[in-house]
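Participant: Got a structure here, written out as structure tokens. Questions coming.
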Amino acid sequence: MTALRLTDEEQALLNGAEGPGVQRAMDIVVTLGRIYDAAELVPIASAHISGVSYKNLGQAGLEFLHRWAEEGARARVDAWLNPMGMEAARWRELGFPADFAEPQLAVVEAFRRMGVTPTLSCTPYLLPGRVPPRGQHLAWAESSAVAFANSVLGARTNREGGPSALAAAIVGRTAGYGYHLDEGRQATHVVEVRCPLHDLADFGALGQIVGQKVGHGVPYFADLAQWLPPLPRDVTGGGQAVDRLKTLGAALAASGAVALFHIAGYTPEAADAGAALWQADAQPIIVDSLEAAYAAMNDASVLEIDLVSIGCPHASLAEIAQVADFLRRRQLRTRLWVTTARQTREQAVAEGWVQLIEAAGGRVVGDTCTVVAPLKILGIRSLATNAAKTACYAPSHSGVRVRFGSLQQCLEAAVTGQWSETPRD
Ligand code: F3S
């Protein structure tokens with residue numbers, strides 16, 4: 001057992017030198033440090049706070065946030081929010097009732113009082129100015145963003161909970177254990193992929209399979225780089241490499257609890273983190289088919305689709321452009337939501353892509369997603385998606401039945417209102 005060392009300044013915050021709100025935050029961070037045997041706290045550059053939807057927080061969560069704000073708690077580093085349960089600007093038009101919308105807006109206001117920016121997105125790394133550099137320590141709570149930041153960008157964060165990420169923002173530090181340390185970033189499992197990966201959904205299916213097998217482990221993909229174009233220097237626009245990696249990370253984190261993965265010859269720490277394991281002749285996990293994942297994430301009884309959901313994690317500009325391109329001169333029979341960051345939506349408006357999608361009858365929805373929105377209240381019972389994370393979570397979190405397939409299949413379902421199976425290569 002390591003004793004957690006605090007600096008004089010940290011001890012003073014814990015003793016209440018800056019008031020009860022900061023003391024409460026320091027107490028959370030220090031308690032976690034003691035539970036996880038951290039030797040010290042590490043300064044963080046940013047915090048990404050989840051647990052924003054009123055659907056999950058309820059009145060008790062809202063009152064807790066108000067109390068913390070009343071106590072004078074304020075973020076001392078850049079801090080921003082995961083999606084909430086609706087789009088702020090158009091909740092009435094999208095069918096959300098006022099008795100959900102009003103407390104939801106109050107939640108965001110409580111965060112705003114604490115100095116947290118309402119980005120309301122799970123993909124902060126797609127927002128200009130918020131991409132962390134390699135080696136930077138963070139306190140991020142959204143599991144898909146954690147996987148991307150650790151694995152693709154080489155930043156360092158544990159999977160924080162919503163309250164612990166907020167506490168870390170308030171004190172500017174988090175407990176230094178797990179993925180903050182070199183030893184926590186070593187690969188634990190080698191994975192060999194022996195089937196082709198064509199569509200974005202295939203990366204989600206792969207993540208679903210591997211996540212279940214490795215749980216909290218750190219997978220090292222020995223041969224995945226062949227299915228990935230080079231990563232652009234600027235990841236904020238998305239594109240095939242970025243979108244595939246964010247989808248893979250989200251699925252690994254949802255079906256398992258993966259916070260970091262390595263890809264040989266591709267991700268920044270693969271050479272250091274995987275070589276020993278690879279040379280030690282560890283028994284690899286072989287993935288030679290994705291069929292089991294497609295079967296597990298498809299409810300075969302669903303034929304009529306109430307909502308098609310694209311954008312989990314939140315859609316990049318490149319994904320929005322793809323949807324717009326498909327929908328030129330088409331009209332939709334069923335609801336389509338492309339969920340994305342408000343800021344990304346504004347960029348897509350400037351390109352004319354939102355107008356194309358909405359002219360076809362779809363909606364490019366900011367601030368929320370189909371997992372954290374109260375779908376039952378909106379009368380949605382069945383959903384089609386190309387996102388493995390949505391397919392994993394929506395049945396239990398939103399009470400809907402799900403079809404999972406390629407972007408093309410999902411958009412065809414939006415045009416016809418029906419799911420149709422198409423053979424995969
Ligand atoms: Fe983001 Fe919602 Fe998916 S928060 S990762 S779009 S479940």
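Residue numbers start at 1 in each chain; chains themselves are named A, B, ... in the order of the structure tokens; ligands are numbered from 1 in the order shown.
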Using only C-alpha atoms and all ligand atoms, I'd like a table of the residues in chain A that come within 8 Å of ligand 1; for each, show the closest atom pair and its distance in Å rounded to one decimal, ordered by chain and ascending number, as a tab-separated table.

Facilitator:
```
residue	atom	partner	partner_atom_place_in_ligand_line	distance
A:Asn82	CA	ligand 1	4 (S)	6.3
A:Pro83	CA	ligand 1	4 (S)	5.5
A:Ser121	CA	ligand 1	1 (Fe)	6.9
A:Cys122	CA	ligand 1	1 (Fe)	4.6
A:Thr123	CA	ligand 1	1 (Fe)	7.2
A:Glu142	CA	ligand 1	4 (S)	7.1
A:Ser143	CA	ligand 1	5 (S)	7.5
A:Ser144	CA	ligand 1	5 (S)	5.6
A:Ala145	CA	ligand 1	5 (S)	7.6
A:Ala250	CA	ligand 1	5 (S)	6.1
A:Gly311	CA	ligand 1	6 (S)	6.0
A:Cys312	CA	ligand 1	6 (S)	3.6
A:Pro313	CA	ligand 1	5 (S)	3.7
A:His314	CA	ligand 1	6 (S)	4.9
A:Thr339	CA	ligand 1	6 (S)	6.9
A:Thr340	CA	ligand 1	6 (S)	7.7
A:Thr368	CA	ligand 1	2 (Fe)	7.0
A:Cys369	CA	ligand 1	2 (Fe)	4.7
A:Thr370	CA	ligand 1	2 (Fe)	6.4
A:Val371	CA	ligand 1	7 (S)	4.9
A:Val372	CA	ligand 1	2 (Fe)	6.2
A:Ala387	CA	ligand 1	3 (Fe)	7.8
A:Lys389	CA	ligand 1	3 (Fe)	6.0
A:Thr390	CA	ligand 1	7 (S)	5.5
A:Tyr393	CA	ligand 1	7 (S)	7.2
```

Participant: Go ahead and save the picked residues with N, CA and C atoms, as a PDB file, in the first residue's frame.

Facilitator:
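Wrote it out as result-v3.pdb, contents follow:
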```pdb
ATOM      1  N   ASN A  82     -20.251  16.219 -21.825  1.00  0.00           N
ATOM      2  CA  ASN A  82     -20.756  15.162 -22.700  1.00  0.00           C
ATOM      3  C   ASN A  82     -22.173  15.559 -23.163  1.00  0.00           C
ATOM      4  N   PRO A  83     -22.749  14.812 -24.113  1.00  0.00           N
ATOM      5  CA  PRO A  83     -24.102  15.148 -24.565  1.00  0.00           C
ATOM      6  C   PRO A  83     -25.130  15.139 -23.436  1.00  0.00           C
ATOM      7  N   SER A 121     -20.773  17.292 -26.198  1.00  0.00           N
ATOM      8  CA  SER A 121     -20.328  16.325 -27.214  1.00  0.00           C
ATOM      9  C   SER A 121     -19.419  15.274 -26.591  1.00  0.00           C
ATOM     10  N   CYS A 122     -19.490  14.072 -27.156  1.00  0.00           N
ATOM     11  CA  CYS A 122     -18.608  12.995 -26.688  1.00  0.00           C
ATOM     12  C   CYS A 122     -17.326  12.922 -27.504  1.00  0.00           C
ATOM     13  N   THR A 123     -17.156  13.837 -28.473  1.00  0.00           N
ATOM     14  CA  THR A 123     -15.948  13.797 -29.307  1.00  0.00           C
ATOM     15  C   THR A 123     -15.188  15.125 -29.205  1.00  0.00           C
ATOM     16  N   GLU A 142     -15.977  10.326 -20.575  1.00  0.00           N
ATOM     17  CA  GLU A 142     -16.683   9.605 -21.650  1.00  0.00           C
ATOM     18  C   GLU A 142     -15.779   8.476 -22.157  1.00  0.00           C
ATOM     19  N   SER A 143     -16.287   7.252 -22.073  1.00  0.00           N
ATOM     20  CA  SER A 143     -15.401   6.102 -22.320  1.00  0.00           C
ATOM     21  C   SER A 143     -14.862   6.062 -23.747  1.00  0.00           C
ATOM     22  N   SER A 144     -15.659   6.462 -24.731  1.00  0.00           N
ATOM     23  CA  SER A 144     -15.158   6.426 -26.114  1.00  0.00           C
ATOM     24  C   SER A 144     -14.084   7.487 -26.325  1.00  0.00           C
ATOM     25  N   ALA A 145     -14.255   8.640 -25.684  1.00  0.00           N
ATOM     26  CA  ALA A 145     -13.257   9.709 -25.808  1.00  0.00           C
ATOM     27  C   ALA A 145     -11.973   9.329 -25.075  1.00  0.00           C
ATOM     28  N   ALA A 250     -14.954   3.123 -29.181  1.00  0.00           N
ATOM     29  CA  ALA A 250     -16.260   3.185 -28.510  1.00  0.00           C
ATOM     30  C   ALA A 250     -16.810   1.781 -28.265  1.00  0.00           C
ATOM     31  N   GLY A 311     -24.037   8.534 -35.857  1.00  0.00           N
ATOM     32  CA  GLY A 311     -23.287   9.527 -35.078  1.00  0.00           C
ATOM     33  C   GLY A 311     -23.095   9.111 -33.633  1.00  0.00           C
ATOM     34  N   CYS A 312     -22.503   7.954 -33.439  1.00  0.00           N
ATOM     35  CA  CYS A 312     -22.132   7.494 -32.102  1.00  0.00           C
ATOM     36  C   CYS A 312     -20.794   6.784 -32.225  1.00  0.00           C
ATOM     37  N   PRO A 313     -19.707   7.339 -31.686  1.00  0.00           N
ATOM     38  CA  PRO A 313     -19.595   8.671 -31.124  1.00  0.00           C
ATOM     39  C   PRO A 313     -20.040   9.756 -32.122  1.00  0.00           C
ATOM     40  N   HIS A 314     -20.253  10.956 -31.593  1.00  0.00           N
ATOM     41  CA  HIS A 314     -20.772  12.049 -32.407  1.00  0.00           C
ATOM     42  C   HIS A 314     -20.114  12.105 -33.782  1.00  0.00           C
ATOM     43  N   THR A 339     -26.413  12.553 -35.087  1.00  0.00           N
ATOM     44  CA  THR A 339     -26.095  13.289 -33.855  1.00  0.00           C
ATOM     45  C   THR A 339     -24.619  13.721 -33.874  1.00  0.00           C
ATOM     46  N   THR A 340     -24.411  14.945 -33.417  1.00  0.00           N
ATOM     47  CA  THR A 340     -23.075  15.521 -33.534  1.00  0.00           C
ATOM     48  C   THR A 340     -22.913  16.669 -32.539  1.00  0.00           C
ATOM     49  N   THR A 368     -26.950  16.079 -28.229  1.00  0.00           N
ATOM     50  CA  THR A 368     -27.505  14.874 -27.614  1.00  0.00           C
ATOM     51  C   THR A 368     -27.152  13.641 -28.438  1.00  0.00           C
ATOM     52  N   CYS A 369     -27.687  12.496 -28.048  1.00  0.00           N
ATOM     53  CA  CYS A 369     -27.554  11.282 -28.852  1.00  0.00           C
ATOM     54  C   CYS A 369     -28.701  10.352 -28.481  1.00  0.00           C
ATOM     55  N   THR A 370     -28.847   9.267 -29.229  1.00  0.00           N
ATOM     56  CA  THR A 370     -30.023   8.412 -29.032  1.00  0.00           C
ATOM     57  C   THR A 370     -29.894   7.511 -27.805  1.00  0.00           C
ATOM     58  N   VAL A 371     -28.734   7.491 -27.160  1.00  0.00           N
ATOM     59  CA  VAL A 371     -28.610   6.705 -25.926  1.00  0.00           C
ATOM     60  C   VAL A 371     -28.991   7.546 -24.711  1.00  0.00           C
ATOM     61  N   VAL A 372     -28.646   8.824 -24.725  1.00  0.00           N
ATOM     62  CA  VAL A 372     -28.948   9.662 -23.549  1.00  0.00           C
ATOM     63  C   VAL A 372     -30.262  10.440 -23.693  1.00  0.00           C
ATOM     64  N   ALA A 387     -23.673   2.079 -35.417  1.00  0.00           N
ATOM     65  CA  ALA A 387     -22.752   2.248 -34.286  1.00  0.00           C
ATOM     66  C   ALA A 387     -22.906   1.099 -33.302  1.00  0.00           C
ATOM     67  N   LYS A 389     -21.681   0.878 -30.353  1.00  0.00           N
ATOM     68  CA  LYS A 389     -21.941   1.334 -28.982  1.00  0.00           C
ATOM     69  C   LYS A 389     -23.437   1.579 -28.781  1.00  0.00           C
ATOM     70  N   THR A 390     -24.078   2.218 -29.739  1.00  0.00           N
ATOM     71  CA  THR A 390     -25.529   2.412 -29.629  1.00  0.00           C
ATOM     72  C   THR A 390     -26.223   1.055 -29.595  1.00  0.00           C
ATOM     73  N   TYR A 393     -25.892  -0.404 -26.118  1.00  0.00           N
ATOM     74  CA  TYR A 393     -26.527   0.294 -24.991  1.00  0.00           C
ATOM     75  C   TYR A 393     -28.015   0.578 -25.175  1.00  0.00           C
TER      76      TYR A 393
END
```

Participant: So that I can see what lies close to Phe148 of chain A, please list as a list in words the residues with an atom at most 9 Å from it, counting only C-alpha atoms and leaving out residues fewer than 5 positions away in the same chain.

Facilitator: Thr123, Tyr125, Ser143, Leu153, Gly154, Ala155, Leu245, Lys246, Gly249, Ala250, Ala259, Leu260 and Phe261 of chain A

Participant: What does the file look like for those residues with N, CA and C atoms, as an mmCIF file, in the first residue's frame?

Facilitator:
```cif
data_model
loop_
_atom_site.group_PDB
_atom_site.id
_atom_site.type_symbol
_atom_site.label_atom_id
_atom_site.label_comp_id
_atom_site.auth_asym_id
_atom_site.auth_seq_id
_atom_site.Cartn_x
_atom_site.Cartn_y
_atom_site.Cartn_z
ATOM 1 N N THR A 123 -17.156 13.837 -28.473
ATOM 2 C CA THR A 123 -15.948 13.797 -29.307
ATOM 3 C C THR A 123 -15.188 15.125 -29.205
ATOM 4 N N TYR A 125 -12.199 15.646 -29.177
ATOM 5 C CA TYR A 125 -11.021 15.629 -30.050
ATOM 6 C C TYR A 125 -11.370 16.002 -31.500
ATOM 7 N N SER A 143 -16.287 7.252 -22.073
ATOM 8 C CA SER A 143 -15.401 6.102 -22.320
ATOM 9 C C SER A 143 -14.862 6.062 -23.747
ATOM 10 N N LEU A 153 -4.179 9.423 -29.623
ATOM 11 C CA LEU A 153 -3.440 10.676 -29.395
ATOM 12 C C LEU A 153 -2.283 10.494 -28.418
ATOM 13 N N GLY A 154 -2.297 9.414 -27.639
ATOM 14 C CA GLY A 154 -1.208 9.192 -26.675
ATOM 15 C C GLY A 154 -1.303 10.091 -25.451
ATOM 16 N N ALA A 155 -2.464 10.700 -25.223
ATOM 17 C CA ALA A 155 -2.680 11.444 -23.973
ATOM 18 C C ALA A 155 -2.947 10.429 -22.856
ATOM 19 N N LEU A 245 -11.292 4.616 -36.072
ATOM 20 C CA LEU A 245 -10.671 4.485 -34.746
ATOM 21 C C LEU A 245 -11.618 4.913 -33.635
ATOM 22 N N LYS A 246 -12.416 5.933 -33.863
ATOM 23 C CA LYS A 246 -13.358 6.354 -32.799
ATOM 24 C C LYS A 246 -14.444 5.300 -32.636
ATOM 25 N N GLY A 249 -12.805 2.245 -30.764
ATOM 26 C CA GLY A 249 -12.608 2.544 -29.339
ATOM 27 C C GLY A 249 -13.921 2.546 -28.575
ATOM 28 N N ALA A 250 -14.954 3.123 -29.181
ATOM 29 C CA ALA A 250 -16.260 3.185 -28.510
ATOM 30 C C ALA A 250 -16.810 1.781 -28.265
ATOM 31 N N ALA A 259 -9.900 1.047 -22.130
ATOM 32 C CA ALA A 259 -9.618 2.486 -22.117
ATOM 33 C C ALA A 259 -8.412 2.809 -22.987
ATOM 34 N N LEU A 260 -7.735 1.784 -23.458
ATOM 35 C CA LEU A 260 -6.504 1.983 -24.243
ATOM 36 C C LEU A 260 -6.298 0.764 -25.123
ATOM 37 N N PHE A 261 -5.990 1.002 -26.388
ATOM 38 C CA PHE A 261 -5.597 -0.093 -27.282
ATOM 39 C C PHE A 261 -4.402 0.376 -28.094
#
```

Participant: When you count only C-alpha atoms, which of these residues is closest to Ala205 of chain A: A:Ala391, A:Ala293, A:Val218, A:Ala168?

Facilitator: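 When distances to Ala205 of chain A are compared using only C-alpha atoms, the smallest one comes from A:Ala293.
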
Participant: Could you list, as a PDB file with N, CA, C and O atoms, in the first residue's frame, every residue within 8 Å of Ala88 of chain A, counting only C-alpha atoms and ignoring same-chain residues fewer than 3 positions away?

Facilitator:
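Writing the result to out.pdb gives the following:
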```
ATOM      1  N   TRP A  91     -35.607  21.673 -29.104  1.00  0.00           N
ATOM      2  CA  TRP A  91     -36.236  20.570 -28.376  1.00  0.00           C
ATOM      3  C   TRP A  91     -37.733  20.483 -28.628  1.00  0.00           C
ATOM      4  O   TRP A  91     -38.292  19.390 -28.722  1.00  0.00           O
ATOM      5  N   LEU A 105     -32.262  21.872 -19.024  1.00  0.00           N
ATOM      6  CA  LEU A 105     -31.559  23.154 -19.197  1.00  0.00           C
ATOM      7  C   LEU A 105     -30.993  23.641 -17.859  1.00  0.00           C
ATOM      8  O   LEU A 105     -29.919  24.250 -17.813  1.00  0.00           O
ATOM      9  N   GLY A 366     -27.778  18.425 -32.708  1.00  0.00           N
ATOM     10  CA  GLY A 366     -26.649  18.737 -31.839  1.00  0.00           C
ATOM     11  C   GLY A 366     -26.974  18.421 -30.392  1.00  0.00           C
ATOM     12  O   GLY A 366     -28.129  18.176 -30.023  1.00  0.00           O
ATOM     13  N   ASP A 367     -25.940  18.370 -29.563  1.00  0.00           N
ATOM     14  CA  ASP A 367     -26.041  18.358 -28.089  1.00  0.00           C
ATOM     15  C   ASP A 367     -26.445  17.029 -27.458  1.00  0.00           C
ATOM     16  O   ASP A 367     -26.384  16.899 -26.232  1.00  0.00           O
TER      17      ASP A 367
END
```

Participant: For Ala296 of chain A, which residue among A:Val402, A:Val364, A:Ala324, A:Cys195 is the nearest when counting only C-alpha atoms?

Facilitator: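 Comparing A:Val402, A:Val364, A:Ala324, A:Cys195 against Ala296 of chain A, the winner is A:Val402.
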
Participant: Could you pull out the helix (DSSP H, G or I) residues of segment 172-404 of chain A from DSSP and send them as a ChimeraX atom specification?

Facilitator: /A:178-180,182-185,200-214,225-227,240-255,270-279,291-296,317-327,342-351,353-359,388-398

Participant: Given the choices A:Pro229, A:Gly95, A:Gly161, A:Gly405, which gets closest to Ser309 of chain A if the distance is worked out from only C-alpha atoms?

Facilitator: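 Closest residue, counting only C-alpha atoms: A:Gly405.
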
Participant: Between atom CA of Ala139 of chain A and atom CA of Ala165 of chain A, what distance in Å does the model show, to one decimal?

Facilitator: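 That distance, rounded to one decimal, is 5.5 Å.
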
Participant: I need the residue nearest Trp80 of chain A from this list: A:Ala341, A:Leu307, A:Cys392, A:Ala222. Use only C-alpha atoms for the distance.

Facilitator: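 Answer, going by the shortest atom-to-atom distance: A:Ala341.
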
Participant: What is the distance between atom CA of Gln347 of chain A and atom CA of Pro268 of chain A, in Å to one decimal?

Facilitator: 29.0 Å

Participant: Can you list, as a VMD selection string, every protein, DNA or RNA residue that comes within 10 Å of Arg401 of chain A when you count only C-alpha atoms, leaving out same-chain residues fewer than 6 positions away?

Facilitator: chain A and resid 297 to 302 305 to 306 380 to 384 391 394 to 395

Participant: Just the selected residues (N, CA and C atoms), exported as an mmCIF file, in the first residue's frame, please.

Facilitator:
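For reference, selection_29.cif as written:
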```cif
data_model
loop_
_atom_site.group_PDB
_atom_site.id
_atom_site.type_symbol
_atom_site.label_atom_id
_atom_site.label_comp_id
_atom_site.auth_asym_id
_atom_site.auth_seq_id
_atom_site.Cartn_x
_atom_site.Cartn_y
_atom_site.Cartn_z
ATOM 1 N N MET A 297 -25.869 -8.132 -32.071
ATOM 2 C CA MET A 297 -26.364 -6.743 -32.000
ATOM 3 C C MET A 297 -27.585 -6.500 -32.884
ATOM 4 N N ASN A 298 -28.144 -7.572 -33.465
ATOM 5 C CA ASN A 298 -29.320 -7.423 -34.317
ATOM 6 C C ASN A 298 -30.497 -8.153 -33.710
ATOM 7 N N ASP A 299 -31.597 -7.460 -33.527
ATOM 8 C CA ASP A 299 -32.835 -8.112 -33.119
ATOM 9 C C ASP A 299 -33.572 -8.474 -34.413
ATOM 10 N N ALA A 300 -33.541 -9.766 -34.766
ATOM 11 C CA ALA A 300 -34.049 -10.206 -36.074
ATOM 12 C C ALA A 300 -35.548 -9.985 -36.220
ATOM 13 N N SER A 301 -36.248 -9.747 -35.119
ATOM 14 C CA SER A 301 -37.704 -9.567 -35.223
ATOM 15 C C SER A 301 -38.069 -8.147 -35.679
ATOM 16 N N VAL A 302 -37.087 -7.232 -35.719
ATOM 17 C CA VAL A 302 -37.398 -5.838 -36.064
ATOM 18 C C VAL A 302 -37.361 -5.647 -37.581
ATOM 19 N N ILE A 305 -38.694 0.340 -38.855
ATOM 20 C CA ILE A 305 -37.724 1.158 -38.117
ATOM 21 C C ILE A 305 -38.356 2.521 -37.792
ATOM 22 N N ASP A 306 -38.376 2.866 -36.490
ATOM 23 C CA ASP A 306 -38.917 4.170 -36.072
ATOM 24 C C ASP A 306 -37.886 5.286 -36.210
ATOM 25 N N ILE A 380 -40.424 6.283 -29.679
ATOM 26 C CA ILE A 380 -39.535 5.457 -30.519
ATOM 27 C C ILE A 380 -39.356 4.082 -29.883
ATOM 28 N N ARG A 381 -39.650 3.055 -30.647
ATOM 29 C CA ARG A 381 -39.574 1.684 -30.133
ATOM 30 C C ARG A 381 -38.503 0.854 -30.848
ATOM 31 N N SER A 382 -38.168 1.252 -32.083
ATOM 32 C CA SER A 382 -37.159 0.480 -32.823
ATOM 33 C C SER A 382 -36.190 1.431 -33.494
ATOM 34 N N LEU A 383 -34.971 0.974 -33.598
ATOM 35 C CA LEU A 383 -33.907 1.874 -34.047
ATOM 36 C C LEU A 383 -32.924 1.095 -34.925
ATOM 37 N N ALA A 384 -32.422 1.739 -35.966
ATOM 38 C CA ALA A 384 -31.347 1.145 -36.779
ATOM 39 C C ALA A 384 -30.125 2.032 -36.655
ATOM 40 N N ALA A 391 -25.789 0.139 -30.456
ATOM 41 C CA ALA A 391 -26.434 -1.181 -30.501
ATOM 42 C C ALA A 391 -26.265 -1.922 -29.169
ATOM 43 N N ALA A 394 -28.463 0.829 -26.401
ATOM 44 C CA ALA A 394 -29.829 1.340 -26.578
ATOM 45 C C ALA A 394 -30.907 0.391 -26.038
ATOM 46 N N PRO A 395 -30.771 -0.939 -26.197
ATOM 47 C CA PRO A 395 -31.833 -1.802 -25.651
ATOM 48 C C PRO A 395 -32.003 -1.618 -24.140
#
```

Participant: Set the distance at 10 Å and use only C-alpha atoms: which residues neighbour Pro163 of chain A once local chain neighbours fewer than 4 positions away are removed? I'd like the list as a list in words.

Facilitator: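 Here the qualifying residues turn out to be Ala25, Ile28, Val29, Ile49, Ser50, Gly51, Leu65, Ala141, Ala167, Ala168 and Ala169 of chain A.
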
Participant: Give me the residues within 8 Å of segment 235-239 of chain A as a ChimeraX atom specification, counting only C-alpha atoms and dropping any in the same chain fewer than 3 places off.

Facilitator: /A:125-128,131,231-232,242-243,316-319

Participant: Restrict the selected residues to N, CA, C and O atoms and save them as an mmCIF file, in the first residue's frame.

Facilitator:
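Ended up saving to result00.cif:
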```
data_model
loop_
_atom_site.group_PDB
_atom_site.id
_atom_site.type_symbol
_atom_site.label_atom_id
_atom_site.label_comp_id
_atom_site.auth_asym_id
_atom_site.auth_seq_id
_atom_site.Cartn_x
_atom_site.Cartn_y
_atom_site.Cartn_z
ATOM 1 N N TYR A 125 -12.199 15.646 -29.177
ATOM 2 C CA TYR A 125 -11.021 15.629 -30.050
ATOM 3 C C TYR A 125 -11.370 16.002 -31.500
ATOM 4 O O TYR A 125 -10.476 16.133 -32.341
ATOM 5 N N LEU A 126 -12.673 16.151 -31.806
ATOM 6 C CA LEU A 126 -13.058 16.651 -33.134
ATOM 7 C C LEU A 126 -13.285 18.165 -33.114
ATOM 8 O O LEU A 126 -13.626 18.743 -34.132
ATOM 9 N N LEU A 127 -13.120 18.773 -31.953
ATOM 10 C CA LEU A 127 -13.380 20.207 -31.829
ATOM 11 C C LEU A 127 -12.057 20.967 -31.830
ATOM 12 O O LEU A 127 -11.200 20.718 -30.970
ATOM 13 N N PRO A 128 -11.884 21.882 -32.789
ATOM 14 C CA PRO A 128 -10.615 22.623 -32.858
ATOM 15 C C PRO A 128 -10.277 23.250 -31.505
ATOM 16 O O PRO A 128 -11.145 23.782 -30.815
ATOM 17 N N VAL A 131 -7.893 19.288 -28.810
ATOM 18 C CA VAL A 131 -7.209 18.008 -29.070
ATOM 19 C C VAL A 131 -5.983 17.921 -28.164
ATOM 20 O O VAL A 131 -5.050 18.715 -28.310
ATOM 21 N N LEU A 231 -3.250 8.357 -40.415
ATOM 22 C CA LEU A 231 -3.994 9.310 -39.576
ATOM 23 C C LEU A 231 -3.632 10.736 -40.019
ATOM 24 O O LEU A 231 -2.458 11.064 -40.132
ATOM 25 N N PRO A 232 -4.635 11.597 -40.279
ATOM 26 C CA PRO A 232 -4.277 12.980 -40.659
ATOM 27 C C PRO A 232 -3.628 13.711 -39.493
ATOM 28 O O PRO A 232 -3.896 13.388 -38.331
ATOM 29 N N VAL A 242 -9.886 8.394 -38.762
ATOM 30 C CA VAL A 242 -10.397 8.912 -37.478
ATOM 31 C C VAL A 242 -11.724 8.243 -37.141
ATOM 32 O O VAL A 242 -11.952 7.795 -36.000
ATOM 33 N N ASP A 243 -12.602 8.147 -38.123
ATOM 34 C CA ASP A 243 -13.941 7.601 -37.850
ATOM 35 C C ASP A 243 -13.863 6.114 -37.490
ATOM 36 O O ASP A 243 -14.582 5.639 -36.615
ATOM 37 N N SER A 316 -18.478 13.008 -37.259
ATOM 38 C CA SER A 316 -17.480 13.978 -37.737
ATOM 39 C C SER A 316 -18.057 14.697 -38.953
ATOM 40 O O SER A 316 -19.069 14.265 -39.541
ATOM 41 N N LEU A 317 -17.373 15.746 -39.368
ATOM 42 C CA LEU A 317 -17.775 16.453 -40.592
ATOM 43 C C LEU A 317 -17.792 15.496 -41.777
ATOM 44 O O LEU A 317 -18.686 15.552 -42.615
ATOM 45 N N ALA A 318 -16.795 14.613 -41.833
ATOM 46 C CA ALA A 318 -16.704 13.676 -42.961
ATOM 47 C C ALA A 318 -17.915 12.743 -42.987
ATOM 48 O O ALA A 318 -18.458 12.440 -44.057
ATOM 49 N N GLU A 319 -18.362 12.300 -41.823
ATOM 50 C CA GLU A 319 -19.539 11.415 -41.792
ATOM 51 C C GLU A 319 -20.797 12.165 -42.207
ATOM 52 O O GLU A 319 -21.652 11.613 -42.906
#
```

Participant: Could you check which of A:Trp337, A:Thr344, A:Ile170, A:Leu252 is closest to Leu375 of chain A, using only C-alpha atoms?

Facilitator: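 Going through A:Trp337, A:Thr344, A:Ile170, A:Leu252 one by one, the smallest distance to Leu375 of chain A is for A:Trp337.
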
Participant: Considering only C-alpha atoms, state which residue in the set A:Arg345, A:Lys55, A:Arg112, A:Lys213 is at the smallest distance from Ile320 of chain A.

Facilitator: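 The closest residue to Ile320 of chain A is A:Arg345.
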
Participant: May I have the residues within 9 Å of Ala321 of chain A as a list of chain:residue names, using only C-alpha atoms and disregarding those fewer than 6 positions away in the same chain?

Facilitator: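 So, after excluding close chain neighbours, the residues are A:Ala348, A:Glu351, A:Trp353, A:Val354.
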
Participant: Write the residues of the selection above to a file with all heavy atoms, as a tab-separated table (two decimals), in the first residue's frame.

Facilitator:
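Result written to again20.tsv:
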```tsv
chain	number	residue	atom	x	y	z
A	348	ALA	N	-21.01	22.09	-40.60
A	348	ALA	CA	-21.71	21.37	-41.67
A	348	ALA	C	-22.79	22.24	-42.31
A	348	ALA	O	-23.08	22.08	-43.50
A	348	ALA	CB	-22.32	20.07	-41.11
A	351	GLU	N	-21.15	24.25	-44.92
A	351	GLU	CA	-20.86	23.47	-46.14
A	351	GLU	C	-22.13	23.15	-46.93
A	351	GLU	O	-22.06	22.59	-48.02
A	351	GLU	CB	-20.17	22.15	-45.76
A	351	GLU	CG	-18.84	22.30	-45.05
A	351	GLU	CD	-17.73	22.82	-45.97
A	351	GLU	OE1	-17.92	22.78	-47.21
A	351	GLU	OE2	-16.70	23.28	-45.45
A	353	TRP	N	-24.32	20.85	-45.96
A	353	TRP	CA	-24.67	19.43	-45.78
A	353	TRP	C	-25.89	19.25	-44.88
A	353	TRP	O	-26.69	18.36	-45.10
A	353	TRP	CB	-23.47	18.65	-45.22
A	353	TRP	CG	-22.29	18.67	-46.14
A	353	TRP	CD1	-22.31	18.67	-47.51
A	353	TRP	CD2	-20.91	18.70	-45.78
A	353	TRP	NE1	-21.05	18.70	-48.02
A	353	TRP	CE2	-20.16	18.72	-46.99
A	353	TRP	CE3	-20.22	18.72	-44.57
A	353	TRP	CZ2	-18.77	18.74	-47.01
A	353	TRP	CZ3	-18.83	18.74	-44.59
A	353	TRP	CH2	-18.11	18.75	-45.79
A	354	VAL	N	-26.00	20.08	-43.86
A	354	VAL	CA	-27.17	19.98	-42.97
A	354	VAL	C	-28.44	20.26	-43.78
A	354	VAL	O	-29.45	19.55	-43.66
A	354	VAL	CB	-27.04	20.96	-41.79
A	354	VAL	CG1	-28.33	21.04	-40.98
A	354	VAL	CG2	-25.88	20.54	-40.89
```
